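Asker: Right, I'll just put the structure down here and ask away after.
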Amino acid sequence: MAKVLITGNEALAESCLRAGCRFFSGYPITPQSAILEYLSWRMDELGGNCVQTESELAGINMLLGAASAGARALTTTSGPGFSLKQEGISYLCASDVPAVIADIMRIGAGLGDIFAGQGDYWQITRGGGHGDYRTIVLAPASVQETADLAYMSFDLAEKYRHPVIIATDGAIGEMIESVELPEMKEHDIDTYDWAIRPRKDGEKQRVIWNRFWDLGNDEYPIYLVNKYNEIEANEQRWESVQTEDAEIVLVAYGISSRVAKSAVIRARKEGMKLGLIRPITLWPYPKKAFEALGPQVKAFLDIEMNILGQMTDDIILADGNKHPVEFYGEYWHLIDENKIVAKAKEMLAKY
């Protein structure tokens, strides 16, 4: 298959189209706007619908409508817009409606700024809205992986009738790399018997609403817990880099993991036993990667582009609180390889 030079945002958009996505609704916000721009002409070529909405609220609710009708539907945004979409995402989860939402992260609370960041981790992994729910979260670390995970996300969403979030950032979204794009396929909007469609004579009306009203007070909690347990058991994804004998294990995802991988290579040349766990699913978190580690591990170093170390709690939980977990983060700038190695040296001396 021929390779093309393409940005991460364009790869995400094109792969979603190739997966059969024929509906997009979204509002421009940096560093996500290139997806809307790309789909504004490319979706027309494939006979789909691309809607530039008046707000993020309209974007998520149009997505809910299209997905409820059986379409493969996509919306994308960045941090402030993602916050506005939370009620709609909660409704998608409550109603068992599959859809794909991409958050191209940037820095800061409130409006923040347009620079790449990883400050949305708590929101995307804990369910940013009301009620008992979580979303499946995929975190690519390259343009190629963005294409691969975007293509897969619709199958994953429909497998569990659940929304999938693609959590990338401004750096990966705007960088250009060579990519092998997946094959084009079409999606039949009438594939699923739960999807809303015009009712024929004698046909039972189809309704999309909170599954609680279908299952009742006794059955619904059991159904919900079983669903999340199944996802957690089957969908953990990660990459382990030289963890077999590592004494300090770095944990990083997305753009930060690329710098962390370089730090592992450099530290190994200096005789330091560094390793890396790269979560590909932020939820379900890859606990199995931590369970596979040997007894030589002394500590973990959480590496993120935020201030507070938002992933630290998940590392502690995945490890069973058996080892110290420290944090190194950058805000406004990319992670520094030299600082990772220096921090690892300090930890080796300490532990």
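By order of appearance in the structure tokens: chains A, B, ..., then residues from 1 within every chain, and ligands from 1 in the order shown.
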Select from segment 131-173 of chain A every residue with an atom at most 10 Å from any atom of segment 65-76 of chain A, then for each give the shortest pair of atoms and their distance in Å to one decimal, using only C-alpha atoms, rows by chain and rising number, as CSV.

Answerer:
residue,atom,partner,partner_atom,distance
A:Phe154,CA,A:Arg72,CA,6.9
A:Asp155,CA,A:Arg72,CA,9.6
A:Ala157,CA,A:Arg72,CA,9.5
A:Glu158,CA,A:Arg72,CA,9.1
A:Pro163,CA,A:Ala67,CA,9.9
A:Val164,CA,A:Leu74,CA,9.9
A:Ile165,CA,A:Thr76,CA,9.4
A:Ile166,CA,A:Thr76,CA,9.0

Asker: Pick out each residue of segment 21-175 of chain A that DSSP on the backbone tags as helix (DSSP H, G or I); I need them as a ChimeraX atom specification.

Answerer: /A:33-45,56-68,79-84,86-94,121-126,143-160,170-174

Asker: Could you pull out the strand (DSSP E) residues of segment 77-301 of chain A from DSSP and send them as a ChimeraX atom specification?

Answerer: /A:77,100-105,136-138,164-169,176-180,238-241,248-251,274-279,281-283,299-301

Asker: Would you list the contacts of Thr243 of chain A as a PyMOL selection string, taking every protein, DNA or RNA residue within 10 Å and counting only C-alpha atoms, but skipping same-chain residues closer than 4 positions in sequence?

Answerer: chain A and resi 247-250+273-277+289-290+292-294+296-297

Asker: Tell me which protein, DNA and RNA residues are within 8 Å of Leu57 of chain A, counting only C-alpha atoms, leaving out same-chain ones fewer than 4 positions away, and put them as a PDB file with C-alpha atoms, in the first residue's frame.

Answerer:
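Contents of selection05.pdb, freshly written:
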ATOM      1  CA  ASN A  61     -26.458  16.558  19.800  1.00  0.00           C
ATOM      2  CA  LEU A  84     -19.353  21.631  26.425  1.00  0.00           C
ATOM      3  CA  LYS A  85     -20.024  18.204  24.910  1.00  0.00           C
ATOM      4  CA  GLY A  88     -24.310  14.748  25.080  1.00  0.00           C
TER       5      GLY A  88
END

Asker: Go ahead and compute the interatomic distance for atom CA of Tyr220 of chain A and atom CA of Asp96 of chain A, in Å to one decimal.

Answerer: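 A separation of 12.2 Å between them.
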
Asker: So, counting only C-alpha atoms, which residue among A:Val51, A:Ile208, A:Ile114, A:Ile107 is closest to Leu64 of chain A?

Answerer: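 Distance minimum relative to Leu64 of chain A lands on A:Ile208.
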
Asker: What does the distance from atom CA of Gly81 of chain A to atom CA of Glu177 of chain A come to in Å, to one decimal?

Answerer: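 Taking atom CA of Gly81 of chain A as the start and atom CA of Glu177 of chain A as the end point, the length is 26.7 Å.
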
Asker: Tyr121 of chain A: which residues within 10 Å, counting only C-alpha atoms, same-chain residues fewer than 2 positions away excluded, as an mmCIF file with N, CA and C atoms, in the first residue's frame?

Answerer:
data_model
loop_
_atom_site.group_PDB
_atom_site.id
_atom_site.type_symbol
_atom_site.label_atom_id
_atom_site.label_comp_id
_atom_site.auth_asym_id
_atom_site.auth_seq_id
_atom_site.Cartn_x
_atom_site.Cartn_y
_atom_site.Cartn_z
ATOM 1 N N MET A 105 -6.117 17.686 22.272
ATOM 2 C CA MET A 105 -5.896 18.428 23.513
ATOM 3 C C MET A 105 -4.944 19.610 23.361
ATOM 4 N N GLN A 118 -1.706 17.901 27.559
ATOM 5 C CA GLN A 118 -2.390 16.667 27.956
ATOM 6 C C GLN A 118 -3.132 16.908 29.263
ATOM 7 N N GLY A 119 -3.871 17.988 29.289
ATOM 8 C CA GLY A 119 -4.557 18.400 30.507
ATOM 9 C C GLY A 119 -5.976 17.898 30.638
ATOM 10 N N GLN A 123 -10.751 14.282 32.701
ATOM 11 C CA GLN A 123 -12.080 14.402 32.105
ATOM 12 C C GLN A 123 -12.392 13.243 31.154
ATOM 13 N N ILE A 124 -11.428 12.858 30.332
ATOM 14 C CA ILE A 124 -11.708 11.827 29.336
ATOM 15 C C ILE A 124 -11.710 10.422 29.919
ATOM 16 N N THR A 125 -11.048 10.224 31.060
ATOM 17 C CA THR A 125 -10.974 8.875 31.628
ATOM 18 C C THR A 125 -11.953 8.649 32.771
ATOM 19 N N ARG A 126 -12.528 9.683 33.327
ATOM 20 C CA ARG A 126 -13.418 9.540 34.481
ATOM 21 C C ARG A 126 -14.882 9.782 34.137
ATOM 22 N N GLY A 128 -16.654 12.869 32.047
ATOM 23 C CA GLY A 128 -16.653 14.286 32.412
ATOM 24 C C GLY A 128 -18.016 14.843 32.735
ATOM 25 N N VAL A 137 -11.267 5.056 25.656
ATOM 26 C CA VAL A 137 -10.377 6.154 25.264
ATOM 27 C C VAL A 137 -9.122 5.592 24.600
ATOM 28 N N ALA A 167 -8.091 10.415 21.984
ATOM 29 C CA ALA A 167 -7.429 11.470 22.755
ATOM 30 C C ALA A 167 -6.037 11.710 22.182
ATOM 31 N N LEU A 282 -6.424 4.644 27.402
ATOM 32 C CA LEU A 282 -6.388 5.340 28.697
ATOM 33 C C LEU A 282 -7.526 4.863 29.586
ATOM 34 N N GLU A 304 3.914 13.516 31.681
ATOM 35 C CA GLU A 304 2.762 14.084 30.987
ATOM 36 C C GLU A 304 2.995 15.567 30.696
ATOM 37 N N ASN A 306 1.244 18.189 31.492
ATOM 38 C CA ASN A 306 0.341 18.948 32.341
ATOM 39 C C ASN A 306 1.064 19.266 33.645
ATOM 40 N N GLY A 309 0.075 16.029 37.083
ATOM 41 C CA GLY A 309 0.285 14.597 37.000
ATOM 42 C C GLY A 309 -1.018 13.833 37.049
ATOM 43 N N GLN A 310 -1.870 14.081 36.073
ATOM 44 C CA GLN A 310 -3.231 13.565 36.119
ATOM 45 C C GLN A 310 -3.310 12.041 36.000
ATOM 46 N N MET A 311 -2.300 11.413 35.397
ATOM 47 C CA MET A 311 -2.315 9.957 35.244
ATOM 48 C C MET A 311 -1.743 9.224 36.455
#

Asker: So which residues touch segment 42-50 of chain A within 9 Å, counting only C-alpha atoms, skipping near sequence neighbours fewer than 4 positions away, as a ChimeraX atom specification?

Answerer: /A:14,17,21-26,36-38

Asker: Counting only C-alpha atoms, which of A:Asp245, A:Asp132, A:Glu346, A:Asp336 gets nearest to Met305 of chain A?

Answerer: A:Asp336

Asker: Taking 3 positions as the minimum chain separation for residues in the same chain, which residues sit within 12 Å of Glu270 of chain A when counting only C-alpha atoms? Answer as number ranges by chain.

Answerer: A: 263-267, 273-274, 341-342, 344-345

Asker: Could those residues be written to a file, using N, CA, C and O atoms, as a compact mmCIF listing (two decimals), in the first residue's frame?

Answerer:
# COMPACT_ATOMS: atom_id res chain seq x y z
N ALA A 263 14.31 8.74 25.66
CA ALA A 263 15.03 8.77 26.94
C ALA A 263 15.45 7.37 27.38
O ALA A 263 16.53 7.19 27.94
N VAL A 264 14.60 6.38 27.12
CA VAL A 264 14.96 5.00 27.45
C VAL A 264 16.19 4.56 26.66
O VAL A 264 17.13 3.97 27.22
N ILE A 265 16.21 4.88 25.37
CA ILE A 265 17.36 4.51 24.53
C ILE A 265 18.63 5.17 25.03
O ILE A 265 19.69 4.52 25.16
N ARG A 266 18.54 6.45 25.35
CA ARG A 266 19.72 7.18 25.82
C ARG A 266 20.19 6.64 27.17
O ARG A 266 21.39 6.42 27.40
N ALA A 267 19.25 6.41 28.09
CA ALA A 267 19.61 5.91 29.43
C ALA A 267 20.26 4.54 29.35
O ALA A 267 21.21 4.25 30.09
N LYS A 273 18.97 1.10 33.69
CA LYS A 273 17.92 0.16 33.30
C LYS A 273 16.56 0.86 33.37
O LYS A 273 15.82 0.76 34.34
N LEU A 274 16.28 1.56 32.28
CA LEU A 274 15.02 2.28 32.14
C LEU A 274 14.11 1.51 31.20
O LEU A 274 14.57 0.89 30.23
N VAL A 341 15.93 11.73 31.85
CA VAL A 341 17.09 10.94 32.24
C VAL A 341 17.64 11.41 33.58
O VAL A 341 17.98 10.59 34.46
N ALA A 342 17.71 12.72 33.78
CA ALA A 342 18.20 13.26 35.05
C ALA A 342 17.29 12.85 36.21
O ALA A 342 17.76 12.47 37.29
N ALA A 344 15.34 10.21 36.33
CA ALA A 344 15.49 8.77 36.53
C ALA A 344 16.75 8.46 37.35
O ALA A 344 16.74 7.56 38.20
N LYS A 345 17.83 9.21 37.09
CA LYS A 345 19.06 9.02 37.87
C LYS A 345 18.82 9.33 39.34
O LYS A 345 19.28 8.60 40.23

Asker: Which is closest to Arg161 of chain A among A:Trp238, A:Trp41, A:Tyr228, A:Phe212, if we use only C-alpha atoms?

Answerer: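 When distances to Arg161 of chain A are compared using only C-alpha atoms, the smallest one comes from A:Tyr228.
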
Asker: How many Å separate atom CA of Ile303 of chain A from atom CA of Val251 of chain A?

Answerer: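 Between atom CA of Ile303 of chain A and atom CA of Val251 of chain A the gap is 6.1 Å.
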
Asker: For Trp194 of chain A, which residue out of A:Gly112, A:Gly131, A:Gly254, A:Pro98 is the nearest one, using only C-alpha atoms?

Answerer: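 Using only C-alpha atoms, the shortest distance to Trp194 of chain A belongs to A:Pro98.
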
Asker: Which of these residues is nearest to Ile316 of chain A, using only C-alpha atoms: A:Lys287, A:Lys204, A:Arg18, A:Lys261?

Answerer: A:Lys287

Asker: For Ser78 of chain A, which of A:Gly129, A:Gly173, A:Gly216, A:Gly20 is the closest residue, counting only C-alpha atoms?

Answerer: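 Result for the nearest residue to Ser78 of chain A: A:Gly173.
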